[in-house]
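Here's protein14.cif, which has mmCIF, N, CA, C and O atoms:
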data_run
loop_
_atom_site.label_atom_id
_atom_site.label_comp_id
_atom_site.auth_asym_id
_atom_site.auth_seq_id
_atom_site.Cartn_x
_atom_site.Cartn_y
_atom_site.Cartn_z
N MET O 1 3.87 -25.05 -28.67
CA MET O 1 4.78 -25.66 -27.71
C MET O 1 4.43 -27.12 -27.46
O MET O 1 5.31 -27.95 -27.54
N PRO O 2 3.18 -27.49 -27.15
CA PRO O 2 2.89 -28.91 -26.95
C PRO O 2 3.23 -29.76 -28.16
O PRO O 2 3.67 -30.89 -28.02
N ALA O 3 3.05 -29.21 -29.37
CA ALA O 3 3.38 -29.99 -30.57
C ALA O 3 4.87 -30.32 -30.60
O ALA O 3 5.25 -31.44 -30.95
N ASN O 4 5.71 -29.35 -30.24
CA ASN O 4 7.15 -29.57 -30.20
C ASN O 4 7.49 -30.63 -29.15
O ASN O 4 8.31 -31.51 -29.39
N LEU O 5 6.87 -30.53 -27.98
CA LEU O 5 7.10 -31.54 -26.93
C LEU O 5 6.62 -32.91 -27.38
O LEU O 5 7.24 -33.93 -27.08
N GLN O 6 5.53 -32.92 -28.11
CA GLN O 6 4.99 -34.18 -28.62
C GLN O 6 5.94 -34.77 -29.66
O GLN O 6 6.20 -35.98 -29.64
N GLN O 7 6.47 -33.94 -30.55
CA GLN O 7 7.41 -34.41 -31.57
C GLN O 7 8.67 -34.99 -30.94
O GLN O 7 9.26 -35.92 -31.46
N ARG O 8 9.06 -34.42 -29.80
CA ARG O 8 10.27 -34.90 -29.11
C ARG O 8 9.99 -36.11 -28.23
O ARG O 8 10.90 -36.65 -27.61
N GLY O 9 8.73 -36.53 -28.17
CA GLY O 9 8.38 -37.72 -27.39
C GLY O 9 8.28 -37.48 -25.91
O GLY O 9 8.35 -38.42 -25.12
N LEU O 10 8.12 -36.21 -25.50
CA LEU O 10 8.06 -35.90 -24.08
C LEU O 10 6.64 -35.92 -23.53
O LEU O 10 6.44 -36.16 -22.33
N VAL O 11 5.67 -35.68 -24.39
CA VAL O 11 4.26 -35.74 -24.00
C VAL O 11 3.47 -36.44 -25.10
O VAL O 11 3.92 -36.53 -26.24
N THR O 12 2.31 -36.90 -24.72
CA THR O 12 1.39 -37.50 -25.68
C THR O 12 -0.01 -37.00 -25.34
O THR O 12 -0.25 -36.55 -24.22
N ARG O 13 -0.91 -37.09 -26.28
CA ARG O 13 -2.29 -36.67 -26.03
C ARG O 13 -2.92 -37.58 -24.98
O ARG O 13 -2.70 -38.78 -24.96
N GLY O 14 -3.71 -36.95 -24.10
CA GLY O 14 -4.43 -37.72 -23.10
C GLY O 14 -5.57 -38.50 -23.72
O GLY O 14 -5.91 -38.31 -24.89
N ASP O 15 -6.14 -39.40 -22.95
CA ASP O 15 -7.24 -40.23 -23.44
C ASP O 15 -8.44 -39.40 -23.90
O ASP O 15 -9.15 -39.79 -24.81
N ASP O 16 -8.64 -38.24 -23.27
CA ASP O 16 -9.78 -37.40 -23.64
C ASP O 16 -9.51 -36.59 -24.90
O ASP O 16 -10.41 -35.95 -25.44
N GLY O 17 -8.27 -36.61 -25.40
CA GLY O 17 -7.93 -35.86 -26.60
C GLY O 17 -7.72 -34.38 -26.35
O GLY O 17 -7.37 -33.64 -27.25
N GLN O 18 -7.96 -33.93 -25.15
CA GLN O 18 -7.85 -32.51 -24.83
C GLN O 18 -6.51 -32.16 -24.18
O GLN O 18 -5.88 -31.20 -24.55
N GLY O 19 -6.12 -32.93 -23.20
CA GLY O 19 -4.90 -32.63 -22.44
C GLY O 19 -3.72 -33.44 -22.94
O GLY O 19 -3.79 -34.15 -23.94
N PHE O 20 -2.63 -33.30 -22.20
CA PHE O 20 -1.41 -34.02 -22.52
C PHE O 20 -0.95 -34.81 -21.30
O PHE O 20 -1.23 -34.44 -20.16
N VAL O 21 -0.23 -35.89 -21.56
CA VAL O 21 0.32 -36.74 -20.52
C VAL O 21 1.83 -36.82 -20.75
O VAL O 21 2.28 -37.00 -21.88
N VAL O 22 2.58 -36.69 -19.68
CA VAL O 22 4.04 -36.79 -19.78
C VAL O 22 4.40 -38.25 -20.02
O VAL O 22 3.94 -39.15 -19.32
N THR O 23 5.26 -38.49 -21.01
CA THR O 23 5.69 -39.85 -21.32
C THR O 23 6.81 -40.29 -20.36
O THR O 23 7.33 -39.48 -19.60
N GLU O 24 7.18 -41.54 -20.45
CA GLU O 24 8.29 -42.06 -19.64
C GLU O 24 9.57 -41.28 -19.94
O GLU O 24 10.31 -40.90 -19.04
N HIS O 25 9.81 -41.03 -21.22
CA HIS O 25 10.98 -40.23 -21.62
C HIS O 25 10.89 -38.82 -21.03
O HIS O 25 11.89 -38.27 -20.56
N GLY O 26 9.70 -38.25 -21.04
CA GLY O 26 9.51 -36.92 -20.47
C GLY O 26 9.80 -36.91 -18.98
O GLY O 26 10.39 -35.95 -18.45
N LEU O 27 9.40 -37.97 -18.28
CA LEU O 27 9.67 -38.07 -16.84
C LEU O 27 11.16 -38.17 -16.56
O LEU O 27 11.66 -37.59 -15.60
N VAL O 28 11.88 -38.88 -17.42
CA VAL O 28 13.34 -38.98 -17.27
C VAL O 28 13.97 -37.60 -17.41
O VAL O 28 14.83 -37.21 -16.61
N ILE O 29 13.53 -36.85 -18.41
CA ILE O 29 14.07 -35.51 -18.62
C ILE O 29 13.74 -34.62 -17.42
O ILE O 29 14.60 -33.86 -16.94
N LEU O 30 12.51 -34.69 -16.92
CA LEU O 30 12.14 -33.89 -15.74
C LEU O 30 13.00 -34.24 -14.54
O LEU O 30 13.43 -33.35 -13.79
N ASP O 31 13.28 -35.52 -14.33
CA ASP O 31 14.16 -35.95 -13.23
C ASP O 31 15.56 -35.36 -13.40
O ASP O 31 16.19 -34.92 -12.43
N GLN O 32 16.07 -35.37 -14.63
CA GLN O 32 17.40 -34.83 -14.89
C GLN O 32 17.45 -33.32 -14.62
O GLN O 32 18.41 -32.82 -14.03
N VAL O 33 16.42 -32.62 -15.04
CA VAL O 33 16.35 -31.17 -14.81
C VAL O 33 16.29 -30.88 -13.32
O VAL O 33 16.97 -29.98 -12.81
N TYR O 34 15.48 -31.66 -12.59
CA TYR O 34 15.38 -31.48 -11.14
C TYR O 34 16.74 -31.68 -10.47
O TYR O 34 17.15 -30.90 -9.63
N ALA O 35 17.45 -32.73 -10.89
CA ALA O 35 18.78 -33.00 -10.32
C ALA O 35 19.76 -31.87 -10.65
O ALA O 35 20.56 -31.47 -9.79
N MET O 36 19.67 -31.32 -11.85
CA MET O 36 20.54 -30.20 -12.21
C MET O 36 20.24 -28.98 -11.35
O MET O 36 21.16 -28.29 -10.91
N ARG O 37 18.96 -28.72 -11.10
CA ARG O 37 18.58 -27.59 -10.25
C ARG O 37 19.18 -27.74 -8.86
O ARG O 37 19.68 -26.77 -8.28
N ILE O 38 19.14 -28.94 -8.33
CA ILE O 38 19.70 -29.19 -6.99
C ILE O 38 21.20 -28.97 -6.99
O ILE O 38 21.75 -28.31 -6.09
N ARG O 39 21.89 -29.48 -8.01
CA ARG O 39 23.35 -29.31 -8.07
C ARG O 39 23.73 -27.85 -8.23
O ARG O 39 24.68 -27.36 -7.61
N ILE O 40 22.98 -27.11 -9.04
CA ILE O 40 23.27 -25.69 -9.23
C ILE O 40 23.04 -24.93 -7.94
O ILE O 40 23.86 -24.09 -7.54
N ALA O 41 21.92 -25.20 -7.27
CA ALA O 41 21.63 -24.52 -6.00
C ALA O 41 22.70 -24.84 -4.96
O ALA O 41 23.16 -23.95 -4.24
N ASP O 42 23.12 -26.10 -4.88
CA ASP O 42 24.15 -26.50 -3.92
C ASP O 42 25.47 -25.78 -4.21
O ASP O 42 26.13 -25.28 -3.30
N HIS O 43 25.82 -25.71 -5.48
CA HIS O 43 27.06 -25.03 -5.87
C HIS O 43 26.97 -23.54 -5.53
O HIS O 43 27.93 -22.96 -5.00
N LEU O 44 25.84 -22.93 -5.83
CA LEU O 44 25.66 -21.50 -5.55
C LEU O 44 25.78 -21.21 -4.06
O LEU O 44 26.48 -20.29 -3.65
N VAL O 45 25.13 -22.03 -3.25
CA VAL O 45 25.18 -21.85 -1.79
C VAL O 45 26.60 -22.01 -1.28
O VAL O 45 27.07 -21.25 -0.43
N SER O 46 27.32 -22.98 -1.81
CA SER O 46 28.70 -23.19 -1.35
C SER O 46 29.60 -22.02 -1.74
O SER O 46 30.52 -21.68 -1.01
N LYS O 47 29.34 -21.39 -2.87
CA LYS O 47 30.15 -20.25 -3.30
C LYS O 47 29.79 -18.96 -2.56
O LYS O 47 30.66 -18.14 -2.27
N LEU O 48 28.50 -18.77 -2.25
CA LEU O 48 28.06 -17.53 -1.61
C LEU O 48 28.33 -17.49 -0.12
O LEU O 48 28.57 -16.42 0.43
N GLY O 49 28.24 -18.62 0.53
CA GLY O 49 28.36 -18.65 1.98
C GLY O 49 27.03 -18.32 2.63
O GLY O 49 26.08 -17.90 1.96
N PRO O 50 26.92 -18.53 3.95
CA PRO O 50 25.62 -18.41 4.63
C PRO O 50 25.01 -17.01 4.60
O PRO O 50 23.80 -16.88 4.36
N ASP O 51 25.80 -15.97 4.82
CA ASP O 51 25.23 -14.62 4.87
C ASP O 51 24.71 -14.16 3.51
O ASP O 51 23.59 -13.65 3.41
N ARG O 52 25.51 -14.35 2.49
CA ARG O 52 25.08 -13.92 1.16
C ARG O 52 23.95 -14.80 0.64
O ARG O 52 23.08 -14.32 -0.09
N THR O 53 23.95 -16.08 1.02
CA THR O 53 22.85 -16.96 0.63
C THR O 53 21.54 -16.48 1.25
O THR O 53 20.51 -16.42 0.57
N GLN O 54 21.58 -16.09 2.53
CA GLN O 54 20.38 -15.59 3.19
C GLN O 54 19.91 -14.29 2.54
O GLN O 54 18.71 -14.08 2.35
N SER O 55 20.84 -13.42 2.16
CA SER O 55 20.48 -12.19 1.46
C SER O 55 19.81 -12.49 0.12
O SER O 55 18.82 -11.85 -0.24
N LEU O 56 20.35 -13.45 -0.60
CA LEU O 56 19.77 -13.85 -1.88
C LEU O 56 18.37 -14.41 -1.69
O LEU O 56 17.45 -14.06 -2.42
N ARG O 57 18.20 -15.27 -0.68
CA ARG O 57 16.87 -15.83 -0.40
C ARG O 57 15.87 -14.74 -0.09
O ARG O 57 14.73 -14.76 -0.56
N SER O 58 16.30 -13.76 0.71
CA SER O 58 15.42 -12.66 1.08
C SER O 58 15.02 -11.85 -0.15
O SER O 58 13.85 -11.50 -0.33
N LEU O 59 16.00 -11.54 -0.99
CA LEU O 59 15.72 -10.79 -2.21
C LEU O 59 14.77 -11.55 -3.13
O LEU O 59 13.82 -10.99 -3.67
N LEU O 60 15.03 -12.84 -3.31
CA LEU O 60 14.17 -13.64 -4.17
C LEU O 60 12.75 -13.72 -3.61
O LEU O 60 11.77 -13.67 -4.37
N GLN O 61 12.61 -13.83 -2.29
CA GLN O 61 11.28 -13.88 -1.70
C GLN O 61 10.54 -12.56 -1.92
O GLN O 61 9.34 -12.56 -2.20
N GLN O 62 11.25 -11.44 -1.83
CA GLN O 62 10.64 -10.14 -2.10
C GLN O 62 10.16 -10.06 -3.55
O GLN O 62 9.08 -9.53 -3.83
N MET O 63 10.95 -10.61 -4.45
CA MET O 63 10.55 -10.61 -5.86
C MET O 63 9.30 -11.46 -6.07
O MET O 63 8.37 -11.06 -6.76
N VAL O 64 9.28 -12.64 -5.48
CA VAL O 64 8.12 -13.53 -5.60
C VAL O 64 6.89 -12.87 -5.01
O VAL O 64 5.80 -12.91 -5.60
N ASP O 65 7.04 -12.24 -3.87
CA ASP O 65 5.91 -11.56 -3.22
C ASP O 65 5.38 -10.41 -4.06
O ASP O 65 4.19 -10.07 -3.98
N ALA O 66 6.23 -9.79 -4.86
CA ALA O 66 5.82 -8.65 -5.68
C ALA O 66 5.07 -9.06 -6.95
O ALA O 66 4.39 -8.24 -7.56
N ILE O 67 5.17 -10.33 -7.32
CA ILE O 67 4.50 -10.80 -8.54
C ILE O 67 3.04 -11.13 -8.17
O ILE O 67 2.79 -11.94 -7.28
N PRO O 68 2.09 -10.52 -8.88
CA PRO O 68 0.69 -10.82 -8.56
C PRO O 68 0.34 -12.27 -8.90
O PRO O 68 0.86 -12.84 -9.87
N SER O 69 -0.53 -12.85 -8.09
CA SER O 69 -0.99 -14.20 -8.35
C SER O 69 -1.87 -14.22 -9.59
O SER O 69 -2.66 -13.30 -9.79
N PRO O 70 -1.75 -15.25 -10.41
CA PRO O 70 -2.63 -15.33 -11.59
C PRO O 70 -4.07 -15.56 -11.18
O PRO O 70 -4.33 -16.22 -10.17
N VAL O 71 -4.96 -15.03 -11.96
CA VAL O 71 -6.38 -15.25 -11.71
C VAL O 71 -6.74 -16.57 -12.36
O VAL O 71 -6.47 -16.78 -13.54
N ARG O 72 -7.32 -17.45 -11.59
CA ARG O 72 -7.70 -18.76 -12.13
C ARG O 72 -9.20 -18.85 -12.21
O ARG O 72 -9.90 -18.50 -11.28
N SER O 73 -9.65 -19.32 -13.34
CA SER O 73 -11.09 -19.50 -13.48
C SER O 73 -11.41 -20.99 -13.37
O SER O 73 -10.66 -21.83 -13.84
N VAL O 74 -12.49 -21.28 -12.74
CA VAL O 74 -12.92 -22.67 -12.57
C VAL O 74 -14.08 -22.91 -13.50
O VAL O 74 -15.05 -22.15 -13.50
N VAL O 75 -13.96 -23.94 -14.32
CA VAL O 75 -15.02 -24.24 -15.27
C VAL O 75 -15.90 -25.33 -14.73
O VAL O 75 -15.51 -26.26 -14.12
#
Starting from the file, give its structure as structure tokens.
Amino acid sequence: MPANLQQRGLVTRGDDGQGFVVTEHGLVILDQVYAMRIRIADHLVSKLGPDRTQSLRSLLQQMVDAIPSPVRSVV
């Protein structure tokens, strides 16, 4: 996956050679995706109305709560 992102110019290798850094082009794409998420959420809320939106939020929160947190190791 990082190689594909690198080929598309969205990330580049970090100075340490281990990690990746998001490029300017990658930041533009991230901004566009964020804006799309906002527009989709706004459209969904306007179509559902307040009661159904609250039901959806409640259901989504239950789903998130049911997903176990990942175990993170500190090196």
Problem set entry | Sel. of helix (DSSP H, G or I) residues, chain O, as a PyMOL selection string | chain O and resi 2-7+24-66
Exercise. Do you have the CA of Gln6 (chain O)-CA of Glu24 (chain O) distance handy?
Worked result: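 Between CA of Gln6 (chain O) and CA of Glu24 (chain O) the gap works out to 12.4 Å.
If you look at CA of Leu27 (chain O) and CA of Gly9 (chain O), they are 10.6 Å away from each other.
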Problem set entry | Resolved residues for the PyMOL selection byres ((chain O and resi 21) around 8) as a VMD selection string | chain O and resid 5 to 6 9 to 15 18 to 20 22 to 24 26
Put those residues in a file: N, CA, C and O atoms, as a PDB file, in the frame of the given file.
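Result saved to again.pdb:
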ATOM      1  N   LEU O   5       6.870 -30.530 -27.980  1.00  0.00           N
ATOM      2  CA  LEU O   5       7.100 -31.540 -26.930  1.00  0.00           C
ATOM      3  C   LEU O   5       6.620 -32.910 -27.380  1.00  0.00           C
ATOM      4  O   LEU O   5       7.240 -33.930 -27.080  1.00  0.00           O
ATOM      5  N   GLN O   6       5.530 -32.920 -28.110  1.00  0.00           N
ATOM      6  CA  GLN O   6       4.990 -34.180 -28.620  1.00  0.00           C
ATOM      7  C   GLN O   6       5.940 -34.770 -29.660  1.00  0.00           C
ATOM      8  O   GLN O   6       6.200 -35.980 -29.640  1.00  0.00           O
ATOM      9  N   GLY O   9       8.730 -36.530 -28.170  1.00  0.00           N
ATOM     10  CA  GLY O   9       8.380 -37.720 -27.390  1.00  0.00           C
ATOM     11  C   GLY O   9       8.280 -37.480 -25.910  1.00  0.00           C
ATOM     12  O   GLY O   9       8.350 -38.420 -25.120  1.00  0.00           O
ATOM     13  N   LEU O  10       8.120 -36.210 -25.500  1.00  0.00           N
ATOM     14  CA  LEU O  10       8.060 -35.900 -24.080  1.00  0.00           C
ATOM     15  C   LEU O  10       6.640 -35.920 -23.530  1.00  0.00           C
ATOM     16  O   LEU O  10       6.440 -36.160 -22.330  1.00  0.00           O
ATOM     17  N   VAL O  11       5.670 -35.680 -24.390  1.00  0.00           N
ATOM     18  CA  VAL O  11       4.260 -35.740 -24.000  1.00  0.00           C
ATOM     19  C   VAL O  11       3.470 -36.440 -25.100  1.00  0.00           C
ATOM     20  O   VAL O  11       3.920 -36.530 -26.240  1.00  0.00           O
ATOM     21  N   THR O  12       2.310 -36.900 -24.720  1.00  0.00           N
ATOM     22  CA  THR O  12       1.390 -37.500 -25.680  1.00  0.00           C
ATOM     23  C   THR O  12      -0.010 -37.000 -25.340  1.00  0.00           C
ATOM     24  O   THR O  12      -0.250 -36.550 -24.220  1.00  0.00           O
ATOM     25  N   ARG O  13      -0.910 -37.090 -26.280  1.00  0.00           N
ATOM     26  CA  ARG O  13      -2.290 -36.670 -26.030  1.00  0.00           C
ATOM     27  C   ARG O  13      -2.920 -37.580 -24.980  1.00  0.00           C
ATOM     28  O   ARG O  13      -2.700 -38.780 -24.960  1.00  0.00           O
ATOM     29  N   GLY O  14      -3.710 -36.950 -24.100  1.00  0.00           N
ATOM     30  CA  GLY O  14      -4.430 -37.720 -23.100  1.00  0.00           C
ATOM     31  C   GLY O  14      -5.570 -38.500 -23.720  1.00  0.00           C
ATOM     32  O   GLY O  14      -5.910 -38.310 -24.890  1.00  0.00           O
ATOM     33  N   ASP O  15      -6.140 -39.400 -22.950  1.00  0.00           N
ATOM     34  CA  ASP O  15      -7.240 -40.230 -23.440  1.00  0.00           C
ATOM     35  C   ASP O  15      -8.440 -39.400 -23.900  1.00  0.00           C
ATOM     36  O   ASP O  15      -9.150 -39.790 -24.810  1.00  0.00           O
ATOM     37  N   GLN O  18      -7.960 -33.930 -25.150  1.00  0.00           N
ATOM     38  CA  GLN O  18      -7.850 -32.510 -24.830  1.00  0.00           C
ATOM     39  C   GLN O  18      -6.510 -32.160 -24.180  1.00  0.00           C
ATOM     40  O   GLN O  18      -5.880 -31.200 -24.550  1.00  0.00           O
ATOM     41  N   GLY O  19      -6.120 -32.930 -23.200  1.00  0.00           N
ATOM     42  CA  GLY O  19      -4.900 -32.630 -22.440  1.00  0.00           C
ATOM     43  C   GLY O  19      -3.720 -33.440 -22.940  1.00  0.00           C
ATOM     44  O   GLY O  19      -3.790 -34.150 -23.940  1.00  0.00           O
ATOM     45  N   PHE O  20      -2.630 -33.300 -22.200  1.00  0.00           N
ATOM     46  CA  PHE O  20      -1.410 -34.020 -22.520  1.00  0.00           C
ATOM     47  C   PHE O  20      -0.950 -34.810 -21.300  1.00  0.00           C
ATOM     48  O   PHE O  20      -1.230 -34.440 -20.160  1.00  0.00           O
ATOM     49  N   VAL O  22       2.580 -36.690 -19.680  1.00  0.00           N
ATOM     50  CA  VAL O  22       4.040 -36.790 -19.780  1.00  0.00           C
ATOM     51  C   VAL O  22       4.400 -38.250 -20.020  1.00  0.00           C
ATOM     52  O   VAL O  22       3.940 -39.150 -19.320  1.00  0.00           O
ATOM     53  N   THR O  23       5.260 -38.490 -21.010  1.00  0.00           N
ATOM     54  CA  THR O  23       5.690 -39.850 -21.320  1.00  0.00           C
ATOM     55  C   THR O  23       6.810 -40.290 -20.360  1.00  0.00           C
ATOM     56  O   THR O  23       7.330 -39.480 -19.600  1.00  0.00           O
ATOM     57  N   GLU O  24       7.180 -41.540 -20.450  1.00  0.00           N
ATOM     58  CA  GLU O  24       8.290 -42.060 -19.640  1.00  0.00           C
ATOM     59  C   GLU O  24       9.570 -41.280 -19.940  1.00  0.00           C
ATOM     60  O   GLU O  24      10.310 -40.900 -19.040  1.00  0.00           O
ATOM     61  N   GLY O  26       9.700 -38.250 -21.040  1.00  0.00           N
ATOM     62  CA  GLY O  26       9.510 -36.920 -20.470  1.00  0.00           C
ATOM     63  C   GLY O  26       9.800 -36.910 -18.980  1.00  0.00           C
ATOM     64  O   GLY O  26      10.390 -35.950 -18.450  1.00  0.00           O
TER      65      GLY O  26
END
Go through region 21-49 of chain O and flag each residue having an atom no more than 8 Å from region 53-59 of chain O; for those, report the closest pair of atoms plus their distance in Å to one decimal, using all atoms listed in the file, ordered by chain and rising number, as a tab-separated table.
residue	atom	partner	partner_atom	distance
O:Leu44	O	O:Thr53	CA	6.5
O:Val45	CA	O:Thr53	CA	5.9
O:Ser46	N	O:Thr53	CA	7.9
O:Lys47	C	O:Thr53	N	7.4
O:Leu48	O	O:Thr53	N	4.7
O:Gly49	O	O:Thr53	N	3.0
Exercise. What is the CA of Arg39 (chain O)-CA of Gln62 (chain O) distance in Å, reported with one decimal?
Worked result: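 CA of Arg39 (chain O) sits 23.8 Å away from CA of Gln62 (chain O).
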